[in-house]
file structure01.pdb (PDB, C-alpha atoms and all ligand atoms)
MODEL        1
ATOM      1  CA  MET I   1     131.693 -13.211   9.520
ATOM      2  CA  TYR I   2     127.982 -13.139  10.540
ATOM      3  CA  LEU I   3     126.979 -16.726   9.530
ATOM      4  CA  GLY I   4     128.249 -19.083  12.154
ATOM      5  CA  SER I   5     129.070 -16.295  14.543
ATOM      6  CA  VAL I   6     127.804 -16.162  18.127
ATOM      7  CA  ARG I   7     125.580 -13.227  17.139
ATOM      8  CA  PHE I   8     124.066 -15.283  14.336
ATOM      9  CA  PHE I   9     123.143 -18.091  16.716
ATOM     10  CA  LYS I  10     121.701 -15.639  19.219
ATOM     11  CA  HIS I  11     119.448 -14.184  16.486
ATOM     12  CA  LEU I  12     118.509 -17.678  15.337
ATOM     13  CA  ILE I  13     117.437 -18.689  18.868
ATOM     14  CA  VAL I  14     115.394 -15.493  19.297
ATOM     15  CA  ALA I  15     113.747 -16.088  15.886
ATOM     16  CA  ILE I  16     112.875 -19.706  16.806
ATOM     17  CA  ILE I  17     111.394 -18.590  20.168
ATOM     18  CA  LEU I  18     109.319 -15.912  18.429
ATOM     19  CA  LEU I  19     108.085 -18.458  15.876
ATOM     20  CA  LEU I  20     107.129 -20.869  18.688
ATOM     21  CA  ILE I  21     105.250 -18.139  20.567
ATOM     22  CA  PHE I  22     103.495 -17.091  17.361
ATOM     23  CA  GLY I  23     102.614 -20.728  16.576
ATOM     24  CA  LEU I  24     101.203 -21.300  20.082
ATOM     25  CA  LEU I  25      99.172 -18.111  19.815
ATOM     26  CA  ILE I  26      97.650 -19.203  16.474
ATOM     27  CA  ALA I  27      96.849 -22.624  17.953
ATOM     28  CA  ALA I  28      95.192 -21.035  21.002
ATOM     29  CA  ILE I  29      93.096 -18.709  18.874
ATOM     30  CA  SER I  30      92.014 -21.598  16.645
ATOM     31  CA  LEU I  31      91.020 -23.741  19.620
ATOM     32  CA  ALA I  32      89.004 -20.890  21.107
ATOM     33  CA  ALA I  33      87.170 -20.412  17.823
ATOM     34  CA  ILE I  34      86.385 -24.126  17.525
ATOM     35  CA  ASN I  35      85.153 -24.220  21.132
ATOM     36  CA  LYS I  36      82.902 -21.237  20.560
ATOM     37  CA  ASN I  37      81.416 -22.803  17.468
ATOM     38  CA  TYR I  38      80.850 -26.081  19.308
ATOM     39  CA  LYS I  39      79.175 -24.318  22.221
ATOM     40  CA  SER I  40      76.842 -22.436  19.931
ATOM     41  CA  GLN I  41      75.942 -25.677  18.170
ATOM     42  CA  ILE I  42      75.040 -27.293  21.530
ATOM     43  CA  SER I  43      73.020 -24.249  22.477
ATOM     44  CA  ASP I  44      71.164 -24.417  19.151
ATOM     45  CA  MET I  45      70.495 -28.080  19.704
ATOM     46  CA  GLN I  46      69.215 -27.433  23.219
ATOM     47  CA  SER I  47      66.929 -24.617  22.232
ATOM     48  CA  GLY I  48      65.767 -26.747  19.310
ATOM     49  CA  THR I  49      64.892 -29.516  21.729
ATOM     50  CA  ILE I  50      63.120 -27.114  24.060
ATOM     51  CA  LEU I  51      61.192 -25.732  21.099
ATOM     52  CA  ALA I  52      60.257 -29.222  20.002
ATOM     53  CA  GLN I  53      59.181 -30.070  23.549
ATOM     54  CA  SER I  54      57.082 -26.965  23.909
ATOM     55  CA  ASN I  55      55.467 -27.708  20.543
ATOM     56  CA  LEU I  56      54.626 -31.154  21.860
ATOM     57  CA  VAL I  57      53.091 -29.739  25.046
ATOM     58  CA  GLU I  58      51.103 -27.272  22.975
ATOM     59  CA  GLU I  59      49.978 -30.063  20.686
ATOM     60  CA  LYS I  60      48.915 -32.204  23.646
ATOM     61  CA  HIS I  61      47.039 -29.279  25.127
ATOM     62  CA  GLN I  62      45.297 -28.718  21.808
ATOM     63  CA  ASN I  63      44.399 -32.401  21.679
ATOM     64  CA  SER I  64      42.997 -32.360  25.197
ATOM     65  CA  LEU I  65      40.866 -29.377  24.280
ATOM     66  CA  SER I  66      39.531 -31.070  21.229
ATOM     67  CA  ILE I  67      37.947 -34.189  22.765
ATOM     68  CA  GLU I  68      34.698 -33.963  20.912
ATOM     69  CA  TYR I  69      32.414 -35.303  23.634
ATOM     70  CA  GLN I  70      33.466 -32.583  26.066
ATOM     71  CA  GLU I  71      31.749 -30.097  23.768
ATOM     72  CA  ARG I  72      28.446 -31.963  23.835
ATOM     73  CA  TYR I  73      25.543 -30.776  25.959
ATOM     74  CA  PRO I  74      26.966 -27.542  27.350
ATOM     75  CA  ASP I  75      24.103 -27.449  29.886
ATOM     76  CA  LEU I  76      24.931 -30.909  31.256
ATOM     77  CA  TYR I  77      26.917 -29.830  34.296
ATOM     78  CA  ALA I  78      26.468 -30.152  38.064
ATOM     79  CA  THR I  79      28.140 -28.426  40.967
ATOM     80  CA  PRO I  80      29.940 -31.003  43.079
ATOM     81  CA  SER I  81      29.856 -30.506  46.829
ATOM     82  CA  GLU I  82      33.037 -29.182  48.420
ATOM     83  CA  VAL I  83      32.553 -31.463  51.395
ATOM     84  CA  ARG I  84      31.846 -35.201  51.493
ATOM     85  CA  ARG I  85      29.925 -36.232  54.597
ATOM     86  CA  ILE I  86      30.469 -39.572  56.271
ATOM     87  CA  GLU I  87      27.453 -39.912  58.545
ATOM     88  CA  PRO I  88      27.748 -42.691  61.119
ATOM     89  CA  LYS I  89      25.078 -45.372  61.375
ATOM     90  CA  THR I  90      23.159 -44.282  58.302
ATOM     91  CA  VAL I  91      21.291 -46.251  55.681
ATOM     92  CA  TYR I  92      20.513 -44.979  52.202
ATOM     93  CA  LEU I  93      17.658 -46.954  50.664
ATOM     94  CA  THR I  94      17.982 -46.826  46.884
ATOM     95  CA  PHE I  95      15.405 -47.920  44.301
ATOM     96  CA  ASP I  96      16.631 -48.458  40.746
ATOM     97  CA  ASP I  97      14.765 -48.792  37.455
ATOM     98  CA  GLY I  98      11.589 -46.872  38.329
ATOM     99  CA  PRO I  99       9.196 -45.313  38.238
ATOM    100  CA  SER I 100       6.761 -48.177  37.925
ATOM    101  CA  PHE I 101       3.254 -49.148  38.995
ATOM    102  CA  ARG I 102       4.858 -50.019  42.342
ATOM    103  CA  THR I 103       6.259 -46.547  42.998
ATOM    104  CA  ALA I 104       3.140 -45.186  44.708
ATOM    105  CA  GLU I 105       3.137 -48.163  47.101
ATOM    106  CA  ILE I 106       6.811 -47.554  47.938
ATOM    107  CA  LEU I 107       6.184 -43.835  48.465
ATOM    108  CA  ASP I 108       3.228 -44.576  50.750
ATOM    109  CA  ILE I 109       5.387 -46.813  52.973
ATOM    110  CA  LEU I 110       8.221 -44.263  53.102
ATOM    111  CA  LYS I 111       5.731 -41.544  54.003
ATOM    112  CA  GLN I 112       4.161 -43.647  56.720
ATOM    113  CA  GLU I 113       7.592 -44.394  58.211
ATOM    114  CA  ASP I 114       8.682 -40.776  57.695
ATOM    115  CA  ILE I 115      11.939 -41.652  55.984
ATOM    116  CA  LYS I 116      13.727 -40.400  52.868
ATOM    117  CA  ALA I 117      15.133 -42.538  50.078
ATOM    118  CA  THR I 118      16.721 -42.258  46.639
ATOM    119  CA  PHE I 119      15.252 -43.232  43.270
ATOM    120  CA  PHE I 120      17.572 -43.802  40.324
ATOM    121  CA  ILE I 121      15.300 -43.174  37.384
ATOM    122  CA  ILE I 122      15.140 -44.864  34.005
ATOM    123  CA  GLY I 123      14.097 -42.116  31.620
ATOM    124  CA  LYS I 124      11.857 -44.213  29.378
ATOM    125  CA  GLU I 125       9.868 -45.270  32.460
ATOM    126  CA  GLY I 126       9.779 -41.743  33.866
ATOM    127  CA  ASN I 127       8.480 -40.476  30.578
ATOM    128  CA  LYS I 128       5.313 -42.545  31.109
ATOM    129  CA  ASN I 129       4.580 -41.011  34.514
ATOM    130  CA  LYS I 130       6.036 -37.586  35.146
ATOM    131  CA  ASP I 131       3.597 -36.864  37.977
ATOM    132  CA  ILE I 132       5.101 -39.569  40.157
ATOM    133  CA  LEU I 133       8.549 -37.983  39.672
ATOM    134  CA  LYS I 134       7.117 -34.757  40.993
ATOM    135  CA  ARG I 135       5.605 -36.588  43.961
ATOM    136  CA  MET I 136       9.020 -38.109  44.801
ATOM    137  CA  VAL I 137      10.575 -34.640  44.922
ATOM    138  CA  ASP I 138       7.640 -33.103  46.807
ATOM    139  CA  GLU I 139       7.967 -35.775  49.496
ATOM    140  CA  GLY I 140      11.661 -35.068  49.993
ATOM    141  CA  HIS I 141      13.275 -37.958  48.154
ATOM    142  CA  THR I 142      16.290 -37.758  45.887
ATOM    143  CA  LEU I 143      16.070 -38.402  42.166
ATOM    144  CA  GLY I 144      19.180 -39.601  40.378
ATOM    145  CA  VAL I 145      19.882 -40.606  36.793
ATOM    146  CA  HIS I 146      20.008 -44.296  35.889
ATOM    147  CA  THR I 147      20.129 -43.687  32.092
ATOM    148  CA  TYR I 148      17.221 -43.519  29.666
ATOM    149  CA  SER I 149      17.249 -46.895  27.948
ATOM    150  CA  HIS I 150      19.136 -49.103  30.439
ATOM    151  CA  VAL I 151      20.336 -51.099  27.398
ATOM    152  CA  TYR I 152      23.896 -52.033  28.365
ATOM    153  CA  ASP I 153      25.165 -52.641  24.823
ATOM    154  CA  ASN I 154      24.155 -49.149  23.734
ATOM    155  CA  ILE I 155      24.964 -47.004  26.751
ATOM    156  CA  TYR I 156      28.418 -48.504  27.334
ATOM    157  CA  GLU I 157      29.395 -48.500  23.666
ATOM    158  CA  SER I 158      31.295 -45.209  24.039
ATOM    159  CA  VAL I 159      31.465 -42.049  26.136
ATOM    160  CA  GLU I 160      29.339 -40.318  23.487
ATOM    161  CA  SER I 161      26.554 -42.884  23.661
ATOM    162  CA  TYR I 162      26.588 -42.795  27.467
ATOM    163  CA  LEU I 163      26.273 -38.994  27.430
ATOM    164  CA  ASP I 164      23.504 -39.073  24.800
ATOM    165  CA  ASP I 165      21.502 -41.486  26.917
ATOM    166  CA  PHE I 166      22.220 -39.792  30.250
ATOM    167  CA  TYR I 167      21.188 -36.389  28.934
ATOM    168  CA  LEU I 168      17.668 -37.573  28.021
ATOM    169  CA  THR I 169      16.947 -38.582  31.624
ATOM    170  CA  TYR I 170      18.663 -35.539  33.053
ATOM    171  CA  LYS I 171      16.358 -33.314  30.961
ATOM    172  CA  LEU I 172      13.296 -35.395  31.754
ATOM    173  CA  ILE I 173      13.830 -35.121  35.525
ATOM    174  CA  TYR I 174      14.469 -31.403  35.243
ATOM    175  CA  ASP I 175      11.407 -30.782  33.070
ATOM    176  CA  ALA I 176       9.153 -32.874  35.326
ATOM    177  CA  THR I 177      10.346 -31.615  38.712
ATOM    178  CA  GLY I 178      12.428 -28.450  38.269
ATOM    179  CA  VAL I 179      15.318 -30.214  40.000
ATOM    180  CA  GLU I 180      18.615 -30.674  38.180
ATOM    181  CA  PRO I 181      19.851 -34.110  39.204
ATOM    182  CA  ASP I 182      23.516 -34.239  40.257
ATOM    183  CA  VAL I 183      23.829 -37.856  41.420
ATOM    184  CA  TYR I 184      23.591 -40.997  39.336
ATOM    185  CA  ARG I 185      23.961 -44.730  39.288
ATOM    186  CA  PHE I 186      25.349 -46.864  36.489
ATOM    187  CA  PRO I 187      23.155 -49.737  35.311
ATOM    188  CA  GLY I 188      24.954 -52.814  36.625
ATOM    189  CA  GLY I 189      27.086 -50.635  38.911
ATOM    190  CA  SER I 190      30.044 -48.494  37.919
ATOM    191  CA  ILE I 191      32.141 -51.452  36.826
ATOM    192  CA  ASN I 192      30.593 -54.326  34.939
ATOM    193  CA  LYS I 193      31.509 -56.506  32.001
ATOM    194  CA  TYR I 194      29.710 -54.227  29.533
ATOM    195  CA  SER I 195      31.510 -51.067  30.616
ATOM    196  CA  SER I 196      34.935 -52.652  31.030
ATOM    197  CA  GLN I 197      36.321 -50.971  27.892
ATOM    198  CA  ASP I 198      35.200 -47.472  28.697
ATOM    199  CA  TYR I 199      34.280 -47.146  32.333
ATOM    200  CA  ILE I 200      37.290 -45.105  33.421
ATOM    201  CA  GLU I 201      36.760 -42.643  30.568
ATOM    202  CA  ILE I 202      33.016 -42.417  31.219
ATOM    203  CA  ILE I 203      33.569 -41.881  34.955
ATOM    204  CA  ALA I 204      36.261 -39.270  34.218
ATOM    205  CA  GLU I 205      33.955 -37.340  31.883
ATOM    206  CA  MET I 206      31.004 -37.451  34.281
ATOM    207  CA  THR I 207      33.255 -36.362  37.157
ATOM    208  CA  ARG I 208      34.627 -33.523  35.015
ATOM    209  CA  ARG I 209      31.018 -32.430  34.565
ATOM    210  CA  GLY I 210      30.479 -32.434  38.339
ATOM    211  CA  PHE I 211      28.226 -35.498  38.717
ATOM    212  CA  THR I 212      28.695 -38.022  41.529
ATOM    213  CA  TYR I 213      27.886 -41.706  41.196
ATOM    214  CA  TYR I 214      26.905 -44.110  43.943
ATOM    215  CA  ASP I 215      27.263 -47.880  43.864
ATOM    216  CA  TRP I 216      26.089 -49.983  46.807
ATOM    217  CA  ASN I 217      27.577 -52.063  49.611
ATOM    218  CA  ALA I 218      24.429 -54.021  50.506
ATOM    219  CA  SER I 219      21.924 -55.705  48.236
ATOM    220  CA  SER I 220      18.383 -56.938  48.706
ATOM    221  CA  GLY I 221      18.963 -59.467  45.930
ATOM    222  CA  ASP I 222      15.567 -58.578  44.472
ATOM    223  CA  ALA I 223      16.793 -58.774  40.875
ATOM    224  CA  VAL I 224      17.269 -62.547  40.867
ATOM    225  CA  ALA I 225      14.614 -64.673  39.196
ATOM    226  CA  ASN I 226      13.279 -66.585  42.213
ATOM    227  CA  ALA I 227      13.306 -63.728  44.748
ATOM    228  CA  THR I 228      10.633 -63.616  47.448
ATOM    229  CA  ALA I 229       9.829 -61.137  50.219
ATOM    230  CA  LYS I 230      11.625 -63.492  52.577
ATOM    231  CA  SER I 231      14.787 -63.702  50.439
ATOM    232  CA  VAL I 232      14.801 -59.928  49.929
ATOM    233  CA  TYR I 233      14.659 -59.384  53.685
ATOM    234  CA  SER I 234      17.295 -61.998  54.539
ATOM    235  CA  ASN I 235      19.678 -60.788  51.779
ATOM    236  CA  THR I 236      19.314 -57.259  53.121
ATOM    237  CA  VAL I 237      20.111 -58.342  56.696
ATOM    238  CA  GLN I 238      23.021 -60.543  55.652
ATOM    239  CA  SER I 239      24.661 -57.961  53.402
ATOM    240  CA  SER I 240      24.190 -55.164  55.968
ATOM    241  CA  GLU I 241      25.810 -57.075  58.801
ATOM    242  CA  GLY I 242      28.599 -55.120  60.524
ATOM    243  CA  LYS I 243      28.378 -52.054  58.267
ATOM    244  CA  ASP I 244      28.145 -48.529  59.609
ATOM    245  CA  ARG I 245      27.173 -46.736  56.406
ATOM    246  CA  ILE I 246      24.907 -48.665  54.094
ATOM    247  CA  ILE I 247      23.745 -47.992  50.567
ATOM    248  CA  LEU I 248      21.138 -50.682  49.946
ATOM    249  CA  LEU I 249      20.277 -51.739  46.396
ATOM    250  CA  MET I 250      16.596 -52.388  45.680
ATOM    251  CA  HIS I 251      14.417 -52.112  42.591
ATOM    252  CA  ASP I 252      11.208 -50.264  41.789
ATOM    253  CA  SER I 253       9.601 -52.489  39.214
ATOM    254  CA  ILE I 254       6.108 -53.750  38.347
ATOM    255  CA  ASN I 255       7.020 -57.420  38.811
ATOM    256  CA  LYS I 256       8.833 -56.905  42.115
ATOM    257  CA  SER I 257       5.891 -56.867  44.512
ATOM    258  CA  TYR I 258       8.051 -58.868  46.926
ATOM    259  CA  THR I 259      10.361 -55.851  47.364
ATOM    260  CA  VAL I 260       7.393 -53.721  48.411
ATOM    261  CA  SER I 261       6.171 -56.499  50.720
ATOM    262  CA  ALA I 262       9.577 -56.761  52.397
ATOM    263  CA  LEU I 263      10.098 -53.004  52.724
ATOM    264  CA  PRO I 264       8.297 -52.371  56.059
ATOM    265  CA  GLU I 265      10.207 -55.219  57.697
ATOM    266  CA  ILE I 266      13.512 -53.967  56.233
ATOM    267  CA  ILE I 267      12.819 -50.505  57.646
ATOM    268  CA  GLU I 268      11.987 -51.971  61.053
ATOM    269  CA  TYR I 269      15.221 -53.964  61.014
ATOM    270  CA  TYR I 270      17.344 -50.861  60.432
ATOM    271  CA  LYS I 271      15.375 -48.804  62.961
ATOM    272  CA  ALA I 272      15.848 -51.490  65.602
ATOM    273  CA  LYS I 273      19.595 -51.446  64.912
ATOM    274  CA  GLY I 274      19.665 -47.670  65.446
ATOM    275  CA  TYR I 275      20.267 -46.564  61.858
ATOM    276  CA  LYS I 276      19.000 -43.257  60.559
ATOM    277  CA  PHE I 277      17.641 -42.950  57.020
ATOM    278  CA  GLU I 278      18.733 -40.365  54.487
ATOM    279  CA  GLY I 279      18.287 -39.631  50.816
ATOM    280  CA  ILE I 280      21.553 -39.417  48.902
ATOM    281  CA  THR I 281      22.711 -35.889  48.176
ATOM    282  CA  ASN I 282      25.951 -35.037  46.442
ATOM    283  CA  ASP I 283      27.646 -34.105  49.722
ATOM    284  CA  VAL I 284      27.322 -37.725  50.874
ATOM    285  CA  SER I 285      30.661 -39.473  50.576
ATOM    286  CA  PRO I 286      30.179 -42.012  47.774
ATOM    287  CA  ILE I 287      30.358 -45.741  48.124
ATOM    288  CA  ALA I 288      31.934 -46.959  44.906
ATOM    289  CA  PHE I 289      33.200 -50.284  43.593
ATOM    290  CA  ASN I 290      36.934 -50.782  43.442
ATOM    291  CA  TYR I 291      38.505 -50.580  40.000
ATOM    292  CA  ILE I 292      39.174 -54.084  38.757
ATOM    293  CA  ASN I 293      40.952 -55.164  35.589
ATOM    294  CA  TYR I 294      38.424 -57.141  33.634
TER     295      TYR I 294
HETATM  296 ZN    ZN F   1      19.115 -50.810  36.791
ENDMDL
END

call {"tool": "encode", "arguments": {"input": "structure01.pdb", "output": "structure tokens"}}
result
Amino acid sequence: MYLGSVRFFKHLIVAIILLLIFGLLIAAISLAAINKNYKSQISDMQSGTILAQSNLVEEKHQNSLSIEYQERYPDLYATPSEVRRIEPKTVYLTFDDGPSFRTAEILDILKQEDIKATFFIIGKEGNKNKDILKRMVDEGHTLGVHTYSHVYDNIYESVESYLDDFYLTYKLIYDATGVEPDVYRFPGGSINKYSSQDYIEIIAEMTRRGFTYYDWNASSGDAVANATAKSVYSNTVQSSEGKDRIILLMHDSINKSYTVSALPEIIEYYKAKGYKFEGITNDVSPIAFNYINY
């Protein structure tokens, strides 16, 4: 009898083993298929992420290319110097806000002393007397841009308004002298309460265009209401004390006769201390205010 025989049980065991092997095989194949599917899903997710990221980079790049003010004034560019000189024991006399009816007097003194200086020009003043701009250049001085209007509320309103104003003076200096100015000074210095919203963006845009700005580390104090020749001289001496490189702030303005009166004595002071005088050129390492959070 087959059922219940030893042979029957042998066959039964073999059949069970075969079924187990078959079952394990099916399970293994299923697991492999699930794993493969899972892996491909992860891969899709990853490549999707990478695609999304690269779209974002592309988008950012597009955005950076489309800052409108970068397109303005395609001729408003300068070539920055590759080197920045730090000359020891040097003073850079700077006159802001001119030209004025005082400019000729200042130029006469500089000529007599045989020294070079820098004039940061207000365009609307320069427009009245282009010949004096030419004389400044002919006598070896540097002309820089100090904006056209000098009206803080307008020029610091936005990067666009700063550029619009700057360009007028840039063109004026070029038309009057044939020199393309590449240095400039911000009215009120690079950081002041009017420019606090925009100054980093304005500086970044001007730097991108190759222009170099110069603040000051000594001041004649000639812009205060009760200034005199004496106060201008003593402020100059006090603020220059102990400094090796000096950019001195002065003003070229009709009502500042005291600055002109003090100038010969100021020059003598620096000469006696062994300073040499230079006009600012864009290879001079700038003196700039520290960024402050207003
Ligand atoms: Zn000024």

call {"tool": "residues_near_ligand", "arguments": {"input": "structure01.pdb", "ligand": "ligand ZN 1 (chain F)", "cutoff": "9 Å", "atoms": "all atoms listed in the file", "output": "PyMOL selection string"}}
result
chain I and resi 95-98+120-122+146-147+150+185-189+251

call {"tool": "write_last_selection", "arguments": {"input": "structure01.pdb", "atoms": "C-alpha atoms", "output": "PDB file, keeping the file's coordinate frame"}}
result
ATOM      1  CA  PHE I  95      15.405 -47.920  44.301  1.00  0.00           C
ATOM      2  CA  ASP I  96      16.631 -48.458  40.746  1.00  0.00           C
ATOM      3  CA  ASP I  97      14.765 -48.792  37.455  1.00  0.00           C
ATOM      4  CA  GLY I  98      11.589 -46.872  38.329  1.00  0.00           C
ATOM      5  CA  PHE I 120      17.572 -43.802  40.324  1.00  0.00           C
ATOM      6  CA  ILE I 121      15.300 -43.174  37.384  1.00  0.00           C
ATOM      7  CA  ILE I 122      15.140 -44.864  34.005  1.00  0.00           C
ATOM      8  CA  HIS I 146      20.008 -44.296  35.889  1.00  0.00           C
ATOM      9  CA  THR I 147      20.129 -43.687  32.092  1.00  0.00           C
ATOM     10  CA  HIS I 150      19.136 -49.103  30.439  1.00  0.00           C
ATOM     11  CA  ARG I 185      23.961 -44.730  39.288  1.00  0.00           C
ATOM     12  CA  PHE I 186      25.349 -46.864  36.489  1.00  0.00           C
ATOM     13  CA  PRO I 187      23.155 -49.737  35.311  1.00  0.00           C
ATOM     14  CA  GLY I 188      24.954 -52.814  36.625  1.00  0.00           C
ATOM     15  CA  GLY I 189      27.086 -50.635  38.911  1.00  0.00           C
ATOM     16  CA  HIS I 251      14.417 -52.112  42.591  1.00  0.00           C
TER      17      HIS I 251
END

call {"tool": "closest_residue", "arguments": {"input": "structure01.pdb", "among": "I:Ile280, I:Ala229, I:Ile287, I:Ala272", "to": "I:Lys256", "atoms": "all atoms listed in the file"}}
result
I:Ala229

call {"tool": "closest_residue", "arguments": {"input": "structure01.pdb", "among": "I:Ile200, I:Val179, I:Tyr233, I:Tyr77", "to": "I:Phe166", "atoms": "only C-alpha atoms"}}
result
I:Tyr77

call {"tool": "residues_around", "arguments": {"input": "structure01.pdb", "residues": "stretch 210-214 of chain I", "least_positions_apart": "4", "cutoff": "8 Å", "atoms": "only C-alpha atoms", "output": "PDB file with C-alpha atoms, keeping the file's coordinate frame"}}
result
ATOM      1  CA  TYR I  77      26.917 -29.830  34.296  1.00  0.00           C
ATOM      2  CA  ALA I  78      26.468 -30.152  38.064  1.00  0.00           C
ATOM      3  CA  THR I  79      28.140 -28.426  40.967  1.00  0.00           C
ATOM      4  CA  PRO I  80      29.940 -31.003  43.079  1.00  0.00           C
ATOM      5  CA  ASP I 182      23.516 -34.239  40.257  1.00  0.00           C
ATOM      6  CA  VAL I 183      23.829 -37.856  41.420  1.00  0.00           C
ATOM      7  CA  TYR I 184      23.591 -40.997  39.336  1.00  0.00           C
ATOM      8  CA  ARG I 185      23.961 -44.730  39.288  1.00  0.00           C
ATOM      9  CA  PHE I 186      25.349 -46.864  36.489  1.00  0.00           C
ATOM     10  CA  SER I 190      30.044 -48.494  37.919  1.00  0.00           C
ATOM     11  CA  MET I 206      31.004 -37.451  34.281  1.00  0.00           C
ATOM     12  CA  ASN I 282      25.951 -35.037  46.442  1.00  0.00           C
ATOM     13  CA  PRO I 286      30.179 -42.012  47.774  1.00  0.00           C
ATOM     14  CA  ILE I 287      30.358 -45.741  48.124  1.00  0.00           C
ATOM     15  CA  ALA I 288      31.934 -46.959  44.906  1.00  0.00           C
TER      16      ALA I 288
END

call {"tool": "closest_residue", "arguments": {"input": "structure01.pdb", "among": "I:Asp244, I:Glu278, I:Asp215, I:Asp165", "to": "I:Leu76", "atoms": "all atoms listed in the file"}}
result
I:Asp165

call {"tool": "closest_residue", "arguments": {"input": "structure01.pdb", "among": "I:Phe119, I:Tyr194, I:Tyr92, I:Tyr170", "to": "I:Tyr152", "atoms": "all atoms listed in the file"}}
result
I:Tyr194

call {"tool": "closest_residue", "arguments": {"input": "structure01.pdb", "among": "I:Thr118, I:Arg102, I:Glu87, I:Ile13", "to": "I:Gly279", "atoms": "all atoms listed in the file"}}
result
I:Thr118

call {"tool": "closest_residue", "arguments": {"input": "structure01.pdb", "among": "I:Ala204, I:Val91, I:Leu24, I:Val14", "to": "I:Tyr270", "atoms": "all atoms listed in the file"}}
result
I:Val91

call {"tool": "residues_around", "arguments": {"input": "structure01.pdb", "residues": "I:Asp114", "least_positions_apart": "3", "cutoff": "12 Å", "atoms": "only C-alpha atoms", "output": "count of residues only"}}
result
16

call {"tool": "residues_around", "arguments": {"input": "structure01.pdb", "residues": "stretch 128-133 of chain I", "least_positions_apart": "5", "cutoff": "8 Å", "atoms": "only C-alpha atoms", "output": "ChimeraX atom specification"}}
result
/I:99,103-104,143,173,176-177

call {"tool": "atom_distance", "arguments": {"input": "structure01.pdb", "atom1": "atom CA of I:Val284", "atom2": "atom CA of I:Glu241"}}
result
21.0 Å

call {"tool": "axis_aligned_box", "arguments": {"input": "structure01.pdb", "around": "stretch 70-80 of chain I", "padding_each_side": "8 Å", "output": "JSON"}}
result
{"center_x": 28.8, "center_y": -30.0, "center_z": 33.4, "size_x": 25.4, "size_y": 21.1, "size_z": 35.3}

call {"tool": "atom_distance", "arguments": {"input": "structure01.pdb", "atom1": "atom CA of I:Glu157", "atom2": "atom CA of I:Gln197"}}
result
8.5 Å

call {"tool": "atom_distance", "arguments": {"input": "structure01.pdb", "atom1": "atom CA of I:Val260", "atom2": "atom CA of I:Gly178"}}
result
27.7 Å
